[in-house]
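Listing of final.cif; format and content: mmCIF, C-alpha atoms and all ligand atoms.
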```cif
data_run
#
loop_
_atom_site.label_atom_id
_atom_site.label_comp_id
_atom_site.auth_asym_id
_atom_site.auth_seq_id
_atom_site.Cartn_x
_atom_site.Cartn_y
_atom_site.Cartn_z
CA MET A 1269 14.86 -9.51 -4.16
CA THR A 1270 15.02 -13.02 -2.75
CA GLN A 1271 11.26 -12.98 -2.66
CA TYR A 1272 11.34 -12.76 -6.42
CA VAL A 1273 13.29 -15.97 -6.69
CA ALA A 1274 11.04 -17.68 -4.22
CA HIS A 1275 7.71 -16.67 -5.68
CA GLY A 1276 8.39 -15.83 -9.28
CA LEU A 1277 11.20 -17.83 -10.74
CA LEU A 1278 10.64 -20.94 -8.66
CA ARG A 1279 6.94 -21.00 -9.33
CA ALA A 1280 7.57 -20.70 -13.04
CA ALA A 1281 10.10 -23.51 -12.85
CA HIS A 1282 7.74 -25.79 -10.97
CA GLN A 1283 4.91 -25.10 -13.35
CA GLY A 1284 7.27 -25.97 -16.16
CA ARG A 1285 5.91 -23.07 -18.19
CA THR A 1286 7.09 -22.54 -21.67
CA ALA A 1287 7.88 -19.02 -22.74
CA GLU A 1288 5.14 -17.08 -24.46
CA ARG A 1289 6.47 -16.07 -27.84
CA GLY A 1290 7.35 -12.44 -28.35
CA ARG A 1291 6.84 -11.39 -24.74
CA CYS A 1292 7.20 -7.79 -23.70
CA VAL A 1293 7.17 -6.78 -20.05
CA LEU A 1294 7.32 -3.31 -18.53
CA HIS A 1295 8.70 -2.70 -15.06
CA LEU A 1296 7.75 0.46 -13.24
CA ASP A 1297 9.84 1.65 -10.31
CA MET A 1298 8.78 4.80 -8.52
CA ASP A 1299 11.60 7.27 -7.80
CA ALA A 1300 12.28 7.87 -4.08
CA TYR A 1301 8.66 6.92 -3.61
CA PHE A 1302 7.76 7.82 -0.01
CA ALA A 1303 9.81 11.01 -0.14
CA SER A 1304 8.32 12.03 -3.49
CA VAL A 1305 4.79 11.55 -2.20
CA GLU A 1306 5.58 13.75 0.82
CA GLN A 1307 7.27 16.39 -1.33
CA ARG A 1308 4.26 16.44 -3.62
CA ASP A 1309 1.86 16.88 -0.69
CA VAL A 1310 3.89 19.30 1.43
CA PRO A 1311 5.39 22.23 -0.53
CA LEU A 1312 7.78 22.98 2.34
CA TYR A 1313 9.66 19.73 1.64
CA ARG A 1314 10.22 20.40 -2.06
CA GLY A 1315 13.81 20.89 -3.13
CA ARG A 1316 15.06 20.09 0.37
CA PRO A 1317 16.71 17.01 1.82
CA LEU A 1318 13.82 14.95 3.14
CA VAL A 1319 14.14 11.71 5.07
CA VAL A 1320 11.10 9.47 5.55
CA CYS A 1321 11.61 7.22 8.57
CA HIS A 1322 10.19 4.06 10.03
CA THR A 1323 10.16 4.94 13.67
CA SER A 1324 8.05 4.77 16.75
CA SER A 1325 9.45 7.86 18.37
CA ASP A 1326 8.05 11.30 17.79
CA PHE A 1327 11.26 13.05 16.91
CA CYS A 1328 12.65 10.30 14.74
CA ARG A 1329 15.66 9.87 16.98
CA HIS A 1330 15.52 6.11 16.60
CA GLY A 1331 14.43 3.93 13.76
CA VAL A 1332 15.65 3.53 10.21
CA VAL A 1333 15.45 5.51 7.01
CA ALA A 1334 12.66 4.23 4.76
CA THR A 1335 13.33 6.56 1.82
CA ALA A 1336 15.59 9.55 1.31
CA SER A 1337 14.74 12.24 -1.24
CA TYR A 1338 17.30 12.78 -4.00
CA GLU A 1339 18.39 15.97 -2.22
CA ALA A 1340 19.11 13.91 0.92
CA ARG A 1341 20.94 11.21 -1.07
CA ARG A 1342 23.54 13.81 -2.00
CA TRP A 1343 24.52 13.75 1.68
CA GLY A 1344 25.00 10.00 1.52
CA ILE A 1345 21.71 9.18 3.20
CA LYS A 1346 20.22 5.87 2.05
CA ALA A 1347 17.32 3.58 2.90
CA GLY A 1348 18.15 1.23 5.76
CA MET A 1349 20.55 3.65 7.46
CA SER A 1350 19.83 4.52 11.10
CA VAL A 1351 18.05 7.81 11.60
CA TRP A 1352 20.77 8.78 14.02
CA GLU A 1353 23.42 8.40 11.32
CA ALA A 1354 21.30 10.22 8.73
CA ARG A 1355 20.91 13.08 11.17
CA SER A 1356 24.62 13.34 11.76
CA ARG A 1357 25.27 13.40 8.00
CA CYS A 1358 22.73 16.11 7.29
CA PRO A 1359 21.43 17.85 10.42
CA HIS A 1360 19.32 20.34 8.47
CA ALA A 1361 17.32 17.68 6.60
CA CYS A 1362 13.59 17.32 7.29
CA PHE A 1363 12.71 14.06 9.04
CA VAL A 1364 9.15 12.72 8.82
CA HIS A 1365 7.31 9.55 9.78
CA ALA A 1366 6.39 7.14 7.01
CA ASP A 1367 2.65 7.30 6.34
CA ILE A 1368 2.23 3.79 4.96
CA PRO A 1369 -1.57 3.90 4.37
CA LYS A 1370 -1.06 7.00 2.23
CA TYR A 1371 1.63 5.34 0.10
CA LEU A 1372 -0.48 2.21 -0.29
CA HIS A 1373 -3.34 4.34 -1.48
CA ASN A 1374 -1.07 5.92 -4.11
CA THR A 1375 0.08 2.44 -5.16
CA ARG A 1376 -3.56 1.51 -5.70
CA LEU A 1377 -4.04 4.56 -7.94
CA LEU A 1378 -0.85 3.66 -9.77
CA ARG A 1379 -2.09 0.17 -10.35
CA ARG A 1380 -5.33 1.50 -11.78
CA LEU A 1381 -3.40 3.68 -14.24
CA CYS A 1382 -1.41 0.62 -15.34
CA GLU A 1383 -4.55 -1.47 -15.67
CA ARG A 1384 -5.88 0.94 -18.24
CA LEU A 1385 -2.97 -0.19 -20.38
CA SER A 1386 -3.19 -3.94 -19.79
CA PRO A 1387 -5.18 -6.17 -17.45
CA ARG A 1388 -2.00 -8.07 -16.59
CA VAL A 1389 -0.55 -5.92 -13.81
CA GLU A 1390 1.42 -7.31 -10.89
CA VAL A 1391 2.10 -5.21 -7.82
CA PHE A 1392 5.57 -6.44 -6.95
CA SER A 1393 6.19 -4.16 -3.97
CA VAL A 1394 4.78 -0.91 -2.68
CA ASP A 1395 6.68 1.06 -5.33
CA GLU A 1396 7.20 -1.46 -8.12
CA LEU A 1397 4.80 -2.92 -10.67
CA PHE A 1398 5.08 -5.21 -13.66
CA VAL A 1399 2.83 -4.72 -16.68
CA ASP A 1400 2.63 -7.40 -19.36
CA LEU A 1401 2.40 -5.59 -22.69
CA THR A 1402 2.49 -8.77 -24.82
CA PRO A 1403 -1.20 -8.87 -25.81
CA LEU A 1404 -1.13 -5.20 -26.80
CA LEU A 1405 1.80 -5.64 -29.16
CA ARG A 1406 0.78 -8.89 -30.79
CA ARG A 1407 -0.36 -7.24 -33.99
CA CYS A 1408 2.75 -5.10 -34.45
CA ARG A 1409 4.87 -6.15 -37.42
CA PRO A 1410 7.76 -6.22 -37.97
CA GLU A 1411 9.53 -6.95 -34.68
CA GLU A 1412 11.27 -3.54 -34.39
CA ARG A 1413 7.91 -1.82 -34.55
CA ARG A 1414 6.87 -3.81 -31.48
CA TRP A 1415 9.67 -2.39 -29.37
CA GLU A 1416 9.05 1.11 -30.69
CA GLU A 1417 5.42 0.76 -29.72
CA ALA A 1418 6.40 -0.56 -26.27
CA LEU A 1419 8.61 2.49 -25.76
CA ARG A 1420 5.75 4.76 -26.72
CA LEU A 1421 3.46 3.01 -24.20
CA GLY A 1422 6.13 3.39 -21.51
CA ARG A 1423 6.56 7.09 -22.27
CA ASP A 1424 2.79 7.67 -22.19
CA LEU A 1425 2.46 5.80 -18.90
CA LYS A 1426 5.17 7.93 -17.30
CA GLU A 1427 3.47 11.07 -18.55
CA GLU A 1428 0.11 9.89 -17.21
CA ILE A 1429 1.65 9.19 -13.79
CA ARG A 1430 3.22 12.63 -13.74
CA ARG A 1431 -0.02 14.31 -14.75
CA LYS A 1432 -2.44 12.36 -12.56
CA LEU A 1433 -0.31 11.63 -9.49
CA GLY A 1434 2.43 14.26 -9.68
CA LEU A 1435 5.14 11.60 -9.32
CA THR A 1436 8.02 10.38 -11.46
CA ALA A 1437 8.85 6.79 -12.27
CA SER A 1438 11.68 4.89 -13.90
CA VAL A 1439 10.52 2.44 -16.51
CA GLY A 1440 12.33 -0.58 -17.90
CA ILE A 1441 11.10 -2.64 -20.83
CA GLY A 1442 12.36 -6.05 -21.87
CA PRO A 1443 11.45 -9.52 -23.09
CA ASN A 1444 10.72 -10.76 -19.54
CA LYS A 1445 10.36 -9.59 -15.92
CA LEU A 1446 13.98 -10.10 -15.04
CA VAL A 1447 15.30 -7.99 -17.91
CA ALA A 1448 12.62 -5.33 -17.47
CA LYS A 1449 13.57 -4.96 -13.83
CA MET A 1450 17.25 -4.65 -14.65
CA ALA A 1451 16.43 -2.14 -17.38
CA SER A 1452 14.57 0.18 -15.02
CA GLU A 1453 17.69 0.35 -12.85
CA PHE A 1454 19.85 1.64 -15.68
CA GLN A 1455 18.49 5.15 -15.67
CA LYS A 1456 17.18 6.76 -12.50
CA PRO A 1457 15.33 8.92 -11.74
CA ASP A 1458 12.72 9.49 -14.42
CA GLY A 1459 14.32 6.99 -16.79
CA LEU A 1460 13.01 4.97 -19.70
CA THR A 1461 15.17 2.05 -20.79
CA LEU A 1462 14.53 -0.66 -23.33
CA ILE A 1463 16.63 -3.79 -23.60
CA ILE A 1464 15.88 -5.95 -26.63
CA PRO A 1465 16.93 -9.63 -26.71
CA GLU A 1466 19.76 -9.00 -29.23
CA GLN A 1467 21.42 -6.54 -26.84
CA LEU A 1468 21.19 -8.85 -23.85
CA PRO A 1469 24.57 -10.63 -23.86
CA GLY A 1470 26.48 -7.38 -24.39
CA ILE A 1471 24.61 -5.55 -21.65
CA LEU A 1472 24.52 -8.33 -19.07
CA ALA A 1473 28.05 -9.76 -19.32
CA PRO A 1474 30.02 -6.87 -17.76
CA LEU A 1475 27.58 -6.25 -14.88
CA PRO A 1476 28.63 -7.28 -11.37
CA VAL A 1477 26.85 -10.50 -10.53
CA ASP A 1478 24.86 -9.01 -7.66
CA ARG A 1479 22.93 -6.88 -10.16
CA LEU A 1480 21.02 -10.05 -10.97
CA VAL A 1481 17.71 -10.34 -9.21
CA GLY A 1482 18.11 -12.97 -6.50
CA VAL A 1483 21.82 -12.51 -5.81
CA GLY A 1484 22.16 -11.18 -2.28
CA GLU A 1485 25.21 -10.66 -0.16
CA ARG A 1486 25.61 -14.33 0.77
CA MET A 1487 25.17 -15.65 -2.74
CA ARG A 1488 27.63 -13.05 -4.00
CA ARG A 1489 30.23 -14.37 -1.55
CA HIS A 1490 29.64 -17.98 -2.62
CA LEU A 1491 29.95 -17.01 -6.27
CA ARG A 1492 33.06 -14.98 -5.69
CA ALA A 1493 34.67 -18.01 -4.04
CA MET A 1494 33.99 -19.85 -7.31
CA GLY A 1495 35.66 -17.04 -9.25
CA VAL A 1496 32.36 -15.63 -10.51
CA GLU A 1497 32.41 -11.83 -10.37
CA THR A 1498 30.31 -10.71 -13.32
CA VAL A 1499 27.09 -11.88 -14.91
CA GLY A 1500 29.21 -12.98 -17.89
CA ASP A 1501 31.31 -15.23 -15.61
CA LEU A 1502 28.14 -16.82 -14.31
CA ALA A 1503 26.77 -17.34 -17.82
CA ARG A 1504 29.98 -19.11 -18.81
CA ALA A 1505 29.98 -21.36 -15.72
CA PRO A 1506 28.73 -24.88 -16.51
CA ARG A 1507 25.06 -25.17 -15.72
CA GLU A 1508 25.56 -28.57 -14.05
CA VAL A 1509 28.03 -27.07 -11.58
CA MET A 1510 25.58 -24.34 -10.61
CA GLU A 1511 22.82 -26.93 -10.19
CA TRP A 1512 25.05 -29.23 -8.20
CA LYS A 1513 26.12 -26.42 -5.85
CA PHE A 1514 22.86 -24.50 -5.42
CA GLY A 1515 20.10 -26.80 -6.66
CA LEU A 1516 17.13 -25.22 -8.39
CA VAL A 1517 18.22 -21.71 -7.38
CA GLY A 1518 21.55 -22.37 -9.11
CA ARG A 1519 19.84 -23.37 -12.30
CA LEU A 1520 17.57 -20.33 -12.21
CA LEU A 1521 20.48 -17.99 -11.60
CA TRP A 1522 22.32 -19.53 -14.51
CA GLU A 1523 19.24 -18.94 -16.69
CA ALA A 1524 19.02 -15.39 -15.34
CA ALA A 1525 22.63 -14.75 -16.31
CA HIS A 1526 21.57 -15.51 -19.89
CA GLY A 1527 18.67 -13.09 -19.50
CA ARG A 1528 16.11 -15.89 -19.45
CA ASP A 1529 13.10 -15.76 -17.18
CA GLU A 1530 9.78 -17.35 -17.94
CA SER A 1531 7.93 -16.29 -14.81
CA PRO A 1532 4.56 -14.80 -15.70
CA VAL A 1533 3.20 -11.41 -14.67
CA VAL A 1534 0.69 -12.46 -12.04
CA PRO A 1535 -2.19 -10.09 -11.52
CA GLY A 1536 -3.02 -10.24 -7.81
CA GLU A 1537 -6.54 -10.54 -6.57
CA GLU A 1538 -8.23 -7.16 -6.49
CA GLU A 1539 -8.09 -6.14 -2.85
CA GLN A 1540 -11.37 -6.61 -1.12
CA GLU A 1541 -12.84 -3.17 -0.81
CA VAL A 1542 -14.19 -2.59 2.65
CA LYS A 1543 -17.98 -2.36 2.55
CA SER A 1544 -18.77 -1.37 6.12
CA PHE A 1545 -17.37 -0.84 9.59
CA GLY A 1546 -19.26 -2.21 12.56
CA HIS A 1547 -19.11 -3.29 16.16
CA SER A 1548 -21.62 -5.00 18.37
CA LEU A 1549 -21.83 -6.09 21.96
CA SER A 1550 -23.92 -8.80 23.56
CA LEU A 1551 -25.40 -7.77 26.85
CA ARG A 1552 -25.40 -10.56 29.35
CA GLY A 1553 -28.93 -11.25 30.50
CA GLY A 1554 -30.20 -8.36 28.38
CA THR A 1555 -31.48 -4.96 29.46
CA ARG A 1556 -34.38 -2.59 28.98
CA ASP A 1557 -32.50 0.37 30.42
CA LEU A 1558 -32.51 2.94 27.62
CA GLU A 1559 -29.80 5.10 29.18
CA TYR A 1560 -27.51 2.11 29.50
CA LEU A 1561 -28.21 1.15 25.90
CA GLU A 1562 -27.49 4.68 24.69
CA ASN A 1563 -24.21 4.69 26.56
CA THR A 1564 -23.26 1.37 25.08
CA LEU A 1565 -24.08 2.73 21.66
CA LEU A 1566 -21.87 5.76 22.24
CA GLY A 1567 -18.94 3.51 23.08
CA LEU A 1568 -19.58 1.44 19.96
CA CYS A 1569 -19.82 4.55 17.75
CA ASP A 1570 -16.50 5.78 19.16
CA ALA A 1571 -14.84 2.49 18.28
CA VAL A 1572 -16.35 2.28 14.80
CA THR A 1573 -15.44 5.83 13.76
CA ARG A 1574 -11.97 5.41 15.19
CA ARG A 1575 -11.40 2.44 12.89
CA MET A 1576 -12.82 4.39 9.95
CA ARG A 1577 -10.43 7.29 10.56
CA ARG A 1578 -7.51 4.94 10.92
CA GLN A 1579 -8.22 3.31 7.59
CA GLY A 1580 -9.16 6.59 5.91
CA TYR A 1581 -12.86 6.06 5.27
CA LEU A 1582 -15.93 8.29 5.50
CA GLY A 1583 -19.39 6.78 5.61
CA ARG A 1584 -22.94 7.87 5.10
CA THR A 1585 -25.35 5.12 6.15
CA VAL A 1586 -25.66 4.34 9.85
CA SER A 1587 -27.30 1.05 10.86
CA LEU A 1588 -28.44 0.06 14.31
CA ARG A 1589 -28.52 -3.67 14.98
CA LEU A 1590 -30.58 -5.08 17.79
CA ARG A 1591 -31.44 -8.45 19.13
CA VAL A 1592 -34.37 -8.68 21.47
CA GLY A 1593 -34.67 -11.75 23.67
CA TYR A 1594 -33.68 -14.83 21.71
CA ALA A 1595 -35.31 -13.70 18.50
CA MET A 1596 -33.24 -13.09 15.38
CA GLY A 1597 -31.52 -9.76 15.23
CA TYR A 1598 -32.76 -6.97 13.03
CA ALA A 1599 -31.45 -3.64 11.79
CA ARG A 1600 -32.67 -0.12 11.16
CA SER A 1601 -30.75 2.32 8.98
CA ARG A 1602 -30.54 6.01 8.32
CA THR A 1603 -28.59 8.03 5.78
CA LEU A 1604 -26.65 11.02 7.04
CA PRO A 1605 -26.84 14.35 5.19
CA GLU A 1606 -23.02 14.33 4.84
CA TYR A 1607 -20.27 11.71 4.82
CA ALA A 1608 -18.80 11.44 8.31
CA ASP A 1609 -16.05 9.79 10.31
CA LEU A 1610 -16.64 11.45 13.68
CA THR A 1611 -18.60 10.03 16.59
CA SER A 1612 -21.27 12.69 17.01
CA PRO A 1613 -23.14 12.48 13.68
CA VAL A 1614 -22.96 8.68 13.71
CA TYR A 1615 -24.06 8.48 17.32
CA ALA A 1616 -26.88 11.00 16.83
CA ALA A 1617 -28.35 8.89 14.03
CA ALA A 1618 -27.91 5.60 15.90
CA ARG A 1619 -29.43 7.02 19.12
CA ASP A 1620 -32.41 8.34 17.20
CA LEU A 1621 -33.03 4.94 15.70
CA LEU A 1622 -32.70 3.34 19.13
CA ARG A 1623 -35.16 5.73 20.74
CA ARG A 1624 -37.64 5.14 17.97
CA GLU A 1625 -37.40 1.38 18.45
CA ALA A 1626 -37.72 1.74 22.23
CA SER A 1627 -40.89 3.75 21.88
CA SER A 1628 -42.43 1.35 19.38
CA GLY A 1629 -43.57 -0.88 22.22
CA LEU A 1630 -42.22 -3.96 20.45
CA TRP A 1631 -39.62 -4.77 23.07
CA THR A 1632 -41.47 -7.39 24.95
CA GLU A 1633 -38.19 -8.85 26.10
CA PRO A 1634 -34.84 -7.32 27.11
CA VAL A 1635 -32.35 -6.25 24.43
CA THR A 1636 -29.55 -8.83 24.32
CA THR A 1637 -27.35 -7.46 21.58
CA VAL A 1638 -26.74 -3.96 20.33
CA GLY A 1639 -24.53 -3.01 17.43
CA VAL A 1640 -23.81 -0.19 15.06
CA SER A 1641 -22.32 -0.16 11.59
CA VAL A 1642 -21.51 2.46 9.00
CA SER A 1643 -21.75 1.68 5.29
CA GLN A 1644 -21.90 3.53 1.95
CA LEU A 1645 -18.23 4.31 2.36
CA ARG A 1646 -15.82 6.40 0.45
CA ARG A 1647 -12.14 7.07 0.84
CA ARG A 1648 -11.21 10.12 2.80
CA GLU A 1649 -8.58 11.17 0.24
CA GLU A 1650 -11.31 11.59 -2.33
CA GLY A 1651 -12.20 14.74 -0.47
CA ARG A 1652 -15.06 15.66 1.73
CA GLN A 1653 -17.38 18.57 1.26
CA ILE A 1654 -16.78 20.83 4.16
CA THR A 1655 -19.94 22.60 5.22
CA ILE A 1656 -20.07 26.03 6.76
CA TRP A 1657 -21.08 24.40 10.04
CA GLU A 1658 -17.89 22.45 10.24
CA CYS A 1659 -15.91 25.61 9.69
CA LEU A 1660 -17.80 27.32 12.48
CA ASP A 1661 -17.39 24.43 14.84
CA SER A 1662 -14.48 22.12 14.18
CA ARG A 1663 -13.97 21.47 17.87
CA GLU A 1664 -14.94 17.83 17.68
CA GLU A 1665 -12.59 17.28 14.77
CA ARG A 1666 -9.68 18.86 16.64
CA LEU A 1667 -10.47 17.02 19.85
CA THR A 1668 -10.76 13.75 17.95
CA ALA A 1669 -7.37 14.29 16.31
CA VAL A 1670 -5.79 14.75 19.74
CA LEU A 1671 -7.53 11.67 21.15
CA ASP A 1672 -6.52 9.56 18.14
CA ALA A 1673 -2.90 10.65 18.58
CA LEU A 1674 -3.02 9.74 22.26
CA ARG A 1675 -4.47 6.30 21.52
CA ASP A 1676 -1.96 5.72 18.74
CA ARG A 1677 0.81 6.36 21.18
CA TYR A 1678 -0.39 4.89 24.44
CA GLY A 1679 -3.04 2.38 23.47
CA GLU A 1680 -6.80 2.31 23.13
CA GLY A 1681 -7.51 2.39 26.86
CA VAL A 1682 -5.65 5.61 27.61
CA VAL A 1683 -8.67 7.90 27.23
CA THR A 1684 -12.33 7.19 27.50
CA ARG A 1685 -15.49 9.16 27.81
CA ALA A 1686 -16.50 10.08 31.33
CA SER A 1687 -19.94 8.65 30.62
CA LEU A 1688 -18.38 5.27 29.86
CA LEU A 1689 -16.18 5.16 32.94
CA GLY A 1690 -16.68 2.22 35.21
CA ASP A 1691 -18.03 0.16 32.35
CA PHE A 1692 -15.05 -1.95 31.52
CA ALA A 1693 -16.78 -3.63 28.62
CA LEU A 1694 -17.06 -0.30 26.88
CA SER A 1695 -13.68 1.25 27.46
CA GLY A 1696 -12.06 1.57 24.05
CA MET A 1697 -9.56 -1.12 24.92
CA ASN A 1698 -11.93 -3.91 24.00
CA LEU A 1699 -13.53 -2.32 21.04
CA ALA A 1700 -11.21 -0.57 18.68
CA ARG A 1701 -8.99 -2.99 16.85
MG MG A 1801 11.76 2.75 -6.19
#
```

As structure tokens:
Amino acid sequence: MTQYVAHGLLRAAHQGRTAERGRCVLHLDMDAYFASVEQRDVPLYRGRPLVVCHTSSDFCRHGVVATASYEARRWGIKAGMSVWEARSRCPHACFVHADIPKYLHNTRLLRRLCERLSPRVEVFSVDELFVDLTPLLRRCRPEERRWEEALRLGRDLKEEIRRKLGLTASVGIGPNKLVAKMASEFQKPDGLTLIIPEQLPGILAPLPVDRLVGVGERMRRHLRAMGVETVGDLARAPREVMEWKFGLVGRLLWEAAHGRDESPVVPGEEEQEVKSFGHSLSLRGGTRDLEYLENTLLGLCDAVTRRMRRQGYLGRTVSLRLRVGYAMGYARSRTLPEYADLTSPVYAAARDLLRREASSGLWTEPVTTVGVSVSQLRRREEGRQITIWECLDSREERLTAVLDALRDRYGEGVVTRASLLGDFALSGMNLAR
């Protein structure tokens, strides 16, 4: 909330922007986002009180509620409440850990759906986006047709989100970001609300002042001391007084109380897609010992695939990087038959490449650096073709899951391969970040 004032309203004020004529902004707010994603993915949670928690403990005894499903809200459970309190209110609710990478991935998909509508999409928070519809509606005449068309776009977007992602959203549409955001709060869940400029004074005036974006608990207390309880009271307060008391923030709040907000929808930079995962190690003094090099490579492959699993990537091209003596480094690559994120296929390919290089007779000097990287990536959620072999032998996968869980809980150094023991440089502690 405050962030909005800091980054949106203030920036607009400093830039001295003038309002774009006939603006139309859509605000999308996902309903009980984390809980809805979990209920979509796990049928057992559907229709039941579900509490998604930020916690470090396994049984969610400590920590706070990140999101409560609508079923859980009926028991008075809300975001920010302690898990302990939520549990005492509804002991039979399901409690799960928040899986932030999964929600972020869904936000990315959501953003892509919005970008099909308009290139001006701003990810405001993990479950909120702004879409600037202005360019799409420019040709609509007369004015009323524009708002009708905006409503249709909002309805279609909601339908698309339901169809493609299996989630519901509340949509607000208005002449600027501030009003659009307030509009989406009017009807939840699964709402669609339009506020046109003519309706603004009537809708805003009776609202409690803290419904304005940017009015937190402290500001509400200050305003109350001035006799300002509703948005209407604030709008009637002299602008100079607000400016004198609260500076620029005061002026912006006063503008907000009149439903004015000129801050633009700012499309963020497209996140840098990861292109490869790699690790390398320089070997002091260098070595020609093939067994030692293979062991080093195994440790590196462990670390690389661990990072891939953590970030949800599978990869197909394995590259071995070597530096011999003081010459420039070079690389050899091989493509795997299947996408992988486990050590053994990656290591097998890298070791093969290493052995081939070793037998080429080109190593006139000791190897000083060895590294491995995996590229040609794809997201794990996009599905992996499971071969019959994996079904017959999923031992490595199961073992890896256990090891990952151990490292998540106790740190990278807690388990290491017996073959890497005694080689401090290679124990996972130094490698996996
Ligand atoms: Mg939400």

Q: Please identify the residues whose atoms come within 12 Å of ligand MG 1801 (chain A), using only C-alpha atoms and all ligand atoms, and report them as a count of residues only.
A: 37

Q: Can you work out which one of A:Phe1363, A:Phe1398, A:Phe1514, A:Tyr1615 has the shortest atom-to-atom distance to Leu1378 (chain A), counting all atoms listed in the file?
A: A:Phe1398

Q) Which is closer to Val1638 (chain A) than all the others in A:Leu1468, A:Leu1551, A:Val1351, A:Ile1429, using only C-alpha atoms? A)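 Closest residue, counting only C-alpha atoms: A:Leu1551.
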
(Q) If I take CA of Ala1366 (chain A) and CA of Leu1318 (chain A), how far is one from the other in Å, to one decimal? (A)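 So the two atoms, CA of Ala1366 (chain A) and CA of Leu1318 (chain A), lie 11.5 Å apart.
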
(Q) I'd like the interatomic distance between CA of Ala1524 (chain A) and CA of Ile1441 (chain A), to a tenth of an Å. (A)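 Rounded to one decimal, the two atoms are 16.0 Å apart.
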
Q: Pick out the closest residue to Arg1291 (chain A) from this set: A:Leu1385, A:Cys1321, A:Ile1464, A:Val1391. Count only C-alpha atoms.
A: A:Ile1464

Export: region 1510-1521 of chain A, N, CA, C and O atoms, as a PDB file, in the first residue's frame:
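Below is the file decode20.pdb, written as the result:
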```pdb
ATOM      1  N   MET A1510      -3.526  20.134   4.040  1.00  0.00           N
ATOM      2  CA  MET A1510      -2.980  18.786   3.848  1.00  0.00           C
ATOM      3  C   MET A1510      -1.507  18.867   3.451  1.00  0.00           C
ATOM      4  O   MET A1510      -0.670  18.100   3.927  1.00  0.00           O
ATOM      5  N   GLU A1511      -1.195  19.809   2.571  1.00  0.00           N
ATOM      6  CA  GLU A1511       0.195  19.967   2.119  1.00  0.00           C
ATOM      7  C   GLU A1511       1.079  20.440   3.256  1.00  0.00           C
ATOM      8  O   GLU A1511       2.190  19.965   3.439  1.00  0.00           O
ATOM      9  N   TRP A1512       0.537  21.371   4.039  1.00  0.00           N
ATOM     10  CA  TRP A1512       1.309  21.935   5.143  1.00  0.00           C
ATOM     11  C   TRP A1512       1.603  20.848   6.176  1.00  0.00           C
ATOM     12  O   TRP A1512       2.699  20.733   6.714  1.00  0.00           O
ATOM     13  N   LYS A1513       0.601  19.991   6.449  1.00  0.00           N
ATOM     14  CA  LYS A1513       0.780  18.952   7.470  1.00  0.00           C
ATOM     15  C   LYS A1513       1.605  17.766   6.992  1.00  0.00           C
ATOM     16  O   LYS A1513       2.405  17.211   7.721  1.00  0.00           O
ATOM     17  N   PHE A1514       1.377  17.329   5.743  1.00  0.00           N
ATOM     18  CA  PHE A1514       1.998  16.067   5.311  1.00  0.00           C
ATOM     19  C   PHE A1514       2.870  16.198   4.064  1.00  0.00           C
ATOM     20  O   PHE A1514       3.305  15.203   3.499  1.00  0.00           O
ATOM     21  N   GLY A1515       3.090  17.436   3.616  1.00  0.00           N
ATOM     22  CA  GLY A1515       3.974  17.627   2.466  1.00  0.00           C
ATOM     23  C   GLY A1515       3.377  17.046   1.191  1.00  0.00           C
ATOM     24  O   GLY A1515       2.159  17.060   0.996  1.00  0.00           O
ATOM     25  N   LEU A1516       4.256  16.495   0.366  1.00  0.00           N
ATOM     26  CA  LEU A1516       3.824  15.953  -0.920  1.00  0.00           C
ATOM     27  C   LEU A1516       2.799  14.834  -0.753  1.00  0.00           C
ATOM     28  O   LEU A1516       1.817  14.740  -1.491  1.00  0.00           O
ATOM     29  N   VAL A1517       3.021  13.981   0.271  1.00  0.00           N
ATOM     30  CA  VAL A1517       2.076  12.885   0.517  1.00  0.00           C
ATOM     31  C   VAL A1517       0.687  13.446   0.780  1.00  0.00           C
ATOM     32  O   VAL A1517      -0.320  12.931   0.287  1.00  0.00           O
ATOM     33  N   GLY A1518       0.635  14.551   1.533  1.00  0.00           N
ATOM     34  CA  GLY A1518      -0.646  15.194   1.834  1.00  0.00           C
ATOM     35  C   GLY A1518      -1.344  15.646   0.560  1.00  0.00           C
ATOM     36  O   GLY A1518      -2.546  15.448   0.397  1.00  0.00           O
ATOM     37  N   ARG A1519      -0.573  16.244  -0.319  1.00  0.00           N
ATOM     38  CA  ARG A1519      -1.182  16.715  -1.560  1.00  0.00           C
ATOM     39  C   ARG A1519      -1.714  15.529  -2.374  1.00  0.00           C
ATOM     40  O   ARG A1519      -2.814  15.557  -2.911  1.00  0.00           O
ATOM     41  N   LEU A1520      -0.903  14.459  -2.425  1.00  0.00           N
ATOM     42  CA  LEU A1520      -1.311  13.301  -3.228  1.00  0.00           C
ATOM     43  C   LEU A1520      -2.548  12.630  -2.644  1.00  0.00           C
ATOM     44  O   LEU A1520      -3.427  12.181  -3.372  1.00  0.00           O
ATOM     45  N   LEU A1521      -2.615  12.594  -1.320  1.00  0.00           N
ATOM     46  CA  LEU A1521      -3.798  11.994  -0.691  1.00  0.00           C
ATOM     47  C   LEU A1521      -5.038  12.828  -0.991  1.00  0.00           C
ATOM     48  O   LEU A1521      -6.119  12.300  -1.226  1.00  0.00           O
TER      49      LEU A1521
END
```
